[in-house]
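*Asks:* This is the structure I have questions about; it appears just below.
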Amino acid sequence: MSDKSGESFQDSLNDWLVSIIVAVALAFCIRTFIFEPYKVEGTSMYPTLFHQERLIVNKIIYFLEDPKRNEIVVFRYPKDESRDFIKRVIAVGGDTVEMRDGAVLINGKKIDEPYTWKEDPKGLNHSNYRKSLVPKDHIFVLGDNRNNSEDSRFADVDFVPLRLVKGKAAAVFWPFERFRKLP
């Protein structure tokens, strides 16, 4: 009789170990290839995203398609790939991009940007950026808070290679009262 209870305990232990291993492997695969939580650090995407908000980043989408204009993406910082940045895609490979006195022109046409912060105490952004062609397999990104954003206007970020893009910001999940799907 003691043998049976020993086998039962052993079977139960094996079942638990298998379940734990499968759960850990599944969680690893989901976080690596499908979804990843991300914490917003700083105010470069204000007023769209707030400092310390938590997001879900869709990592699988860019295995299926390339980023599109206006999507908010998380990417590895080109000068230090251990750091992640979050910005808005303004232009994609093949587009020309230019800034004149803060206005963004894509392929020669001024774009409407209702998401940028227009009430900055520093005043409106008056950046200029030379007319440039976004290389194939790259994106041009800007923060919504243009006066406080290290983005493609600066040489250390420049055009972001698609291989550094981790995923698309899909939704804010924390704080819960600001839960929302992102465009």
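Residue numbering restarts at 1 for every chain of the structure tokens, chains are lettered A, B, ... in their displayed order, and ligands are numbered from 1 as they appear.
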I want to know what sits within 7 Å of stretch 124-134 of chain A, based on only C-alpha atoms, with residues of the same chain fewer than 6 positions away left out; could you give that as a short mmCIF file (atom, residue, chain, number, x, y, z; two decimals) with N, CA and C atoms, in the first residue's frame?
*Replies:*
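Output contents, as saved in part_17.cif:
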```cif
data_model
loop_
_atom_site.label_atom_id
_atom_site.label_comp_id
_atom_site.auth_asym_id
_atom_site.auth_seq_id
_atom_site.Cartn_x
_atom_site.Cartn_y
_atom_site.Cartn_z
N VAL A 92 8.02 56.19 -43.80
CA VAL A 92 8.53 54.82 -44.02
C VAL A 92 9.47 54.83 -45.22
N GLY A 93 10.15 53.71 -45.42
CA GLY A 93 11.10 53.59 -46.52
C GLY A 93 10.52 54.05 -47.85
N GLY A 94 11.27 54.91 -48.56
CA GLY A 94 10.82 55.43 -49.85
C GLY A 94 10.16 56.79 -49.76
N ASP A 95 9.72 57.20 -48.56
CA ASP A 95 9.13 58.53 -48.36
C ASP A 95 10.23 59.59 -48.28
N THR A 96 9.90 60.82 -48.68
CA THR A 96 10.77 61.95 -48.35
C THR A 96 10.15 62.62 -47.14
N VAL A 97 11.00 63.07 -46.24
CA VAL A 97 10.55 63.74 -45.03
C VAL A 97 11.32 65.04 -44.88
N GLU A 98 10.62 66.06 -44.39
CA GLU A 98 11.22 67.38 -44.20
C GLU A 98 10.45 68.09 -43.09
N MET A 99 11.13 68.93 -42.34
CA MET A 99 10.45 69.78 -41.35
C MET A 99 10.83 71.23 -41.63
N ARG A 100 9.80 72.08 -41.66
CA ARG A 100 10.00 73.52 -41.84
C ARG A 100 9.27 74.25 -40.72
N ASP A 101 10.03 74.87 -39.86
CA ASP A 101 9.45 75.64 -38.75
C ASP A 101 8.43 74.81 -37.96
N GLY A 102 8.76 73.54 -37.74
CA GLY A 102 7.91 72.65 -36.95
C GLY A 102 6.88 71.87 -37.75
N LYS A 118 0.60 70.91 -28.15
CA LYS A 118 0.62 72.29 -28.61
C LYS A 118 0.60 73.31 -27.46
N PHE A 140 11.24 56.74 -40.12
CA PHE A 140 11.55 58.03 -39.51
C PHE A 140 10.54 58.21 -38.39
N ARG A 146 7.40 67.27 -29.21
CA ARG A 146 8.58 67.57 -30.03
C ARG A 146 9.67 68.33 -29.31
N ASN A 147 9.32 69.15 -28.31
CA ASN A 147 10.34 69.91 -27.57
C ASN A 147 11.08 69.04 -26.57
N ARG A 153 15.24 63.17 -35.74
CA ARG A 153 15.87 64.45 -36.07
C ARG A 153 17.32 64.48 -35.62
N PHE A 159 17.43 57.52 -38.99
CA PHE A 159 16.44 56.59 -39.55
C PHE A 159 16.61 55.27 -38.80
#
```
*Asks:* Which polymer residues have any atom within 12 Å of an atom of A:Val57, counting only C-alpha atoms, with same-chain residues fewer than 5 positions away left out, as number ranges by chain?
*Replies:* A: 30-40, 62, 71-75, 84, 86, 165-173, 181-182
*Asks:* May I have the selected residues written with N, CA and C atoms, as a compact mmCIF listing (two decimals), in the first residue's frame?
*Replies:*
```txt
# COMPACT_ATOMS: atom_id res chain seq x y z
N ILE A 30 5.36 33.59 -25.53
CA ILE A 30 4.42 34.70 -25.68
C ILE A 30 5.15 36.02 -25.54
N ARG A 31 5.98 36.16 -24.51
CA ARG A 31 6.70 37.42 -24.28
C ARG A 31 7.74 37.67 -25.38
N THR A 32 8.38 36.65 -25.88
CA THR A 32 9.42 36.81 -26.89
C THR A 32 8.86 37.11 -28.27
N PHE A 33 7.77 36.45 -28.64
CA PHE A 33 7.31 36.52 -30.02
C PHE A 33 5.94 37.18 -30.23
N ILE A 34 5.12 37.32 -29.20
CA ILE A 34 3.75 37.77 -29.42
C ILE A 34 3.45 39.11 -28.74
N PHE A 35 3.48 39.17 -27.41
CA PHE A 35 3.18 40.38 -26.66
C PHE A 35 4.22 40.60 -25.59
N GLU A 36 4.46 41.87 -25.29
CA GLU A 36 5.40 42.21 -24.22
C GLU A 36 4.89 43.45 -23.50
N PRO A 37 4.96 43.47 -22.18
CA PRO A 37 4.61 44.70 -21.47
C PRO A 37 5.74 45.72 -21.63
N TYR A 38 5.39 46.99 -21.61
CA TYR A 38 6.38 48.05 -21.76
C TYR A 38 5.98 49.21 -20.85
N LYS A 39 6.95 49.80 -20.16
CA LYS A 39 6.69 50.94 -19.30
C LYS A 39 7.23 52.21 -19.96
N VAL A 40 6.37 53.21 -20.09
CA VAL A 40 6.76 54.48 -20.67
C VAL A 40 7.65 55.22 -19.68
N TYR A 62 4.78 42.83 -36.79
CA TYR A 62 5.81 43.21 -37.75
C TYR A 62 6.58 42.03 -38.33
N GLU A 71 1.66 54.84 -36.65
CA GLU A 71 1.70 53.80 -35.61
C GLU A 71 2.75 54.18 -34.57
N ILE A 72 2.47 53.82 -33.33
CA ILE A 72 3.41 54.04 -32.24
C ILE A 72 4.19 52.75 -32.06
N VAL A 73 5.52 52.86 -32.14
CA VAL A 73 6.36 51.67 -32.10
C VAL A 73 7.37 51.74 -30.97
N VAL A 74 7.75 50.56 -30.50
CA VAL A 74 8.86 50.42 -29.56
C VAL A 74 10.02 49.85 -30.36
N PHE A 75 11.19 50.48 -30.20
CA PHE A 75 12.37 50.01 -30.93
C PHE A 75 13.60 50.11 -30.03
N ASP A 84 15.28 50.72 -24.89
CA ASP A 84 14.13 50.80 -25.79
C ASP A 84 13.60 52.22 -25.81
N ILE A 86 10.21 54.64 -27.47
CA ILE A 86 8.86 54.57 -28.03
C ILE A 86 8.59 55.90 -28.74
N VAL A 165 13.05 47.41 -34.68
CA VAL A 165 11.68 47.62 -34.21
C VAL A 165 11.19 46.36 -33.50
N LYS A 166 10.79 46.53 -32.24
CA LYS A 166 10.33 45.40 -31.43
C LYS A 166 8.85 45.11 -31.62
N GLY A 167 8.05 46.18 -31.81
CA GLY A 167 6.62 45.95 -31.96
C GLY A 167 5.83 47.24 -31.94
N LYS A 168 4.53 47.06 -32.10
CA LYS A 168 3.57 48.17 -32.13
C LYS A 168 2.91 48.30 -30.76
N ALA A 169 2.85 49.53 -30.25
CA ALA A 169 2.13 49.77 -29.00
C ALA A 169 0.64 49.57 -29.27
N ALA A 170 0.06 48.59 -28.59
CA ALA A 170 -1.33 48.20 -28.88
C ALA A 170 -2.34 48.81 -27.92
N ALA A 171 -2.01 48.85 -26.63
CA ALA A 171 -2.98 49.33 -25.64
C ALA A 171 -2.28 49.74 -24.36
N VAL A 172 -2.87 50.72 -23.67
CA VAL A 172 -2.44 51.09 -22.33
C VAL A 172 -3.26 50.25 -21.36
N PHE A 173 -2.58 49.55 -20.44
CA PHE A 173 -3.32 48.74 -19.47
C PHE A 173 -3.16 49.22 -18.03
N LYS A 181 -7.18 51.43 -26.11
CA LYS A 181 -6.52 50.88 -27.29
C LYS A 181 -5.81 52.04 -27.97
N LEU A 182 -4.63 51.79 -28.50
CA LEU A 182 -3.89 52.85 -29.20
C LEU A 182 -4.13 52.73 -30.69
```
*Asks:* I need the alpha helix (DSSP H) residues of chain A per DSSP on the backbone, written as a ChimeraX atom specification.
*Replies:* /A:2-29,61-64
*Asks:* Would you export the selected residues with N, CA and C atoms as a CSV table (one decimal), in the first residue's frame, please?
*Replies:*
```
chain,number,residue,atom,x,y,z
A,2,SER,N,2.0,1.2,0.7
A,2,SER,CA,2.9,2.4,0.7
A,2,SER,C,3.5,2.6,-0.7
A,3,ASP,N,3.7,1.6,-1.5
A,3,ASP,CA,4.2,1.7,-2.8
A,3,ASP,C,3.2,2.5,-3.7
A,4,LYS,N,1.9,2.2,-3.5
A,4,LYS,CA,0.9,2.9,-4.3
A,4,LYS,C,0.9,4.4,-4.0
A,5,SER,N,1.0,4.8,-2.7
A,5,SER,CA,0.9,6.2,-2.3
A,5,SER,C,2.2,6.9,-2.8
A,6,GLY,N,3.3,6.1,-2.8
A,6,GLY,CA,4.6,6.7,-3.3
A,6,GLY,C,4.5,6.9,-4.8
A,7,GLU,N,3.9,6.0,-5.6
A,7,GLU,CA,3.7,6.2,-7.0
A,7,GLU,C,2.8,7.3,-7.3
A,8,SER,N,1.7,7.4,-6.5
A,8,SER,CA,0.8,8.5,-6.6
A,8,SER,C,1.4,9.9,-6.4
A,9,PHE,N,2.2,9.9,-5.4
A,9,PHE,CA,2.9,11.2,-5.1
A,9,PHE,C,3.9,11.5,-6.2
A,10,GLN,N,4.6,10.5,-6.7
A,10,GLN,CA,5.6,10.7,-7.8
A,10,GLN,C,4.8,11.1,-9.1
A,11,ASP,N,3.7,10.5,-9.3
A,11,ASP,CA,2.9,10.9,-10.5
A,11,ASP,C,2.4,12.3,-10.4
A,12,SER,N,2.0,12.7,-9.2
A,12,SER,CA,1.5,14.0,-9.0
A,12,SER,C,2.6,15.0,-9.1
A,13,LEU,N,3.8,14.7,-8.6
A,13,LEU,CA,4.9,15.6,-8.7
A,13,LEU,C,5.3,15.8,-10.1
A,14,ASN,N,5.4,14.7,-10.9
A,14,ASN,CA,5.7,14.7,-12.3
A,14,ASN,C,4.7,15.6,-13.1
A,15,ASP,N,3.4,15.4,-12.8
A,15,ASP,CA,2.4,16.2,-13.4
A,15,ASP,C,2.6,17.7,-13.1
A,16,TRP,N,2.9,18.1,-11.9
A,16,TRP,CA,3.1,19.5,-11.5
A,16,TRP,C,4.4,20.0,-12.2
A,17,LEU,N,5.4,19.3,-12.3
A,17,LEU,CA,6.7,19.7,-12.9
A,17,LEU,C,6.4,19.9,-14.4
A,18,VAL,N,5.8,19.0,-15.1
A,18,VAL,CA,5.5,19.2,-16.5
A,18,VAL,C,4.6,20.4,-16.7
A,19,SER,N,3.6,20.6,-15.9
A,19,SER,CA,2.7,21.8,-16.0
A,19,SER,C,3.5,23.1,-15.8
A,20,ILE,N,4.4,23.1,-14.8
A,20,ILE,CA,5.2,24.3,-14.6
A,20,ILE,C,6.1,24.6,-15.8
A,21,ILE,N,6.8,23.5,-16.3
A,21,ILE,CA,7.7,23.7,-17.4
A,21,ILE,C,7.0,24.2,-18.6
A,22,VAL,N,5.8,23.6,-18.9
A,22,VAL,CA,5.0,24.0,-20.1
A,22,VAL,C,4.6,25.5,-19.9
A,23,ALA,N,4.1,25.9,-18.7
A,23,ALA,CA,3.7,27.2,-18.4
A,23,ALA,C,4.8,28.2,-18.6
A,24,VAL,N,6.0,27.9,-18.1
A,24,VAL,CA,7.2,28.8,-18.2
A,24,VAL,C,7.6,28.9,-19.7
A,25,ALA,N,7.6,27.8,-20.4
A,25,ALA,CA,7.9,27.8,-21.9
A,25,ALA,C,6.9,28.6,-22.7
A,26,LEU,N,5.6,28.4,-22.3
A,26,LEU,CA,4.6,29.2,-23.0
A,26,LEU,C,4.7,30.7,-22.7
A,27,ALA,N,4.9,31.1,-21.5
A,27,ALA,CA,5.1,32.5,-21.1
A,27,ALA,C,6.3,33.1,-21.8
A,28,PHE,N,7.4,32.3,-21.9
A,28,PHE,CA,8.6,32.8,-22.6
A,28,PHE,C,8.3,33.0,-24.1
A,29,CYS,N,7.6,32.1,-24.7
A,29,CYS,CA,7.3,32.2,-26.1
A,29,CYS,C,6.3,33.4,-26.4
A,61,ILE,N,3.0,41.5,-35.0
A,61,ILE,CA,2.5,42.2,-36.2
A,61,ILE,C,3.6,42.5,-37.2
A,62,TYR,N,4.8,42.8,-36.8
A,62,TYR,CA,5.8,43.2,-37.8
A,62,TYR,C,6.6,42.0,-38.3
A,63,PHE,N,6.2,40.8,-37.9
A,63,PHE,CA,6.6,39.6,-38.7
A,63,PHE,C,5.8,39.5,-39.9
A,64,LEU,N,4.6,40.0,-39.9
A,64,LEU,CA,3.6,39.9,-40.9
A,64,LEU,C,3.5,41.1,-41.9
```
*Asks:* Which residues are near A:Trp117? Cut-off 8 Å, only C-alpha atoms, ignore same chain within fewer than 5 positions. Put them as a compact mmCIF listing (two decimals) with N, CA and C atoms, in the first residue's frame.
*Replies:*
```txt
# COMPACT_ATOMS: atom_id res chain seq x y z
N TYR A 46 4.09 62.55 -24.74
CA TYR A 46 2.99 63.29 -24.16
C TYR A 46 2.38 64.17 -25.25
N PRO A 47 1.09 64.35 -25.38
CA PRO A 47 0.01 63.95 -24.50
C PRO A 47 -0.61 62.59 -24.82
N ASP A 144 5.64 62.76 -29.85
CA ASP A 144 4.51 63.70 -29.93
C ASP A 144 4.82 65.01 -29.19
N ASN A 145 5.71 64.95 -28.22
CA ASN A 145 6.15 66.12 -27.48
C ASN A 145 7.48 66.57 -28.10
N ARG A 146 7.40 67.27 -29.21
CA ARG A 146 8.58 67.57 -30.03
C ARG A 146 9.67 68.33 -29.31
```
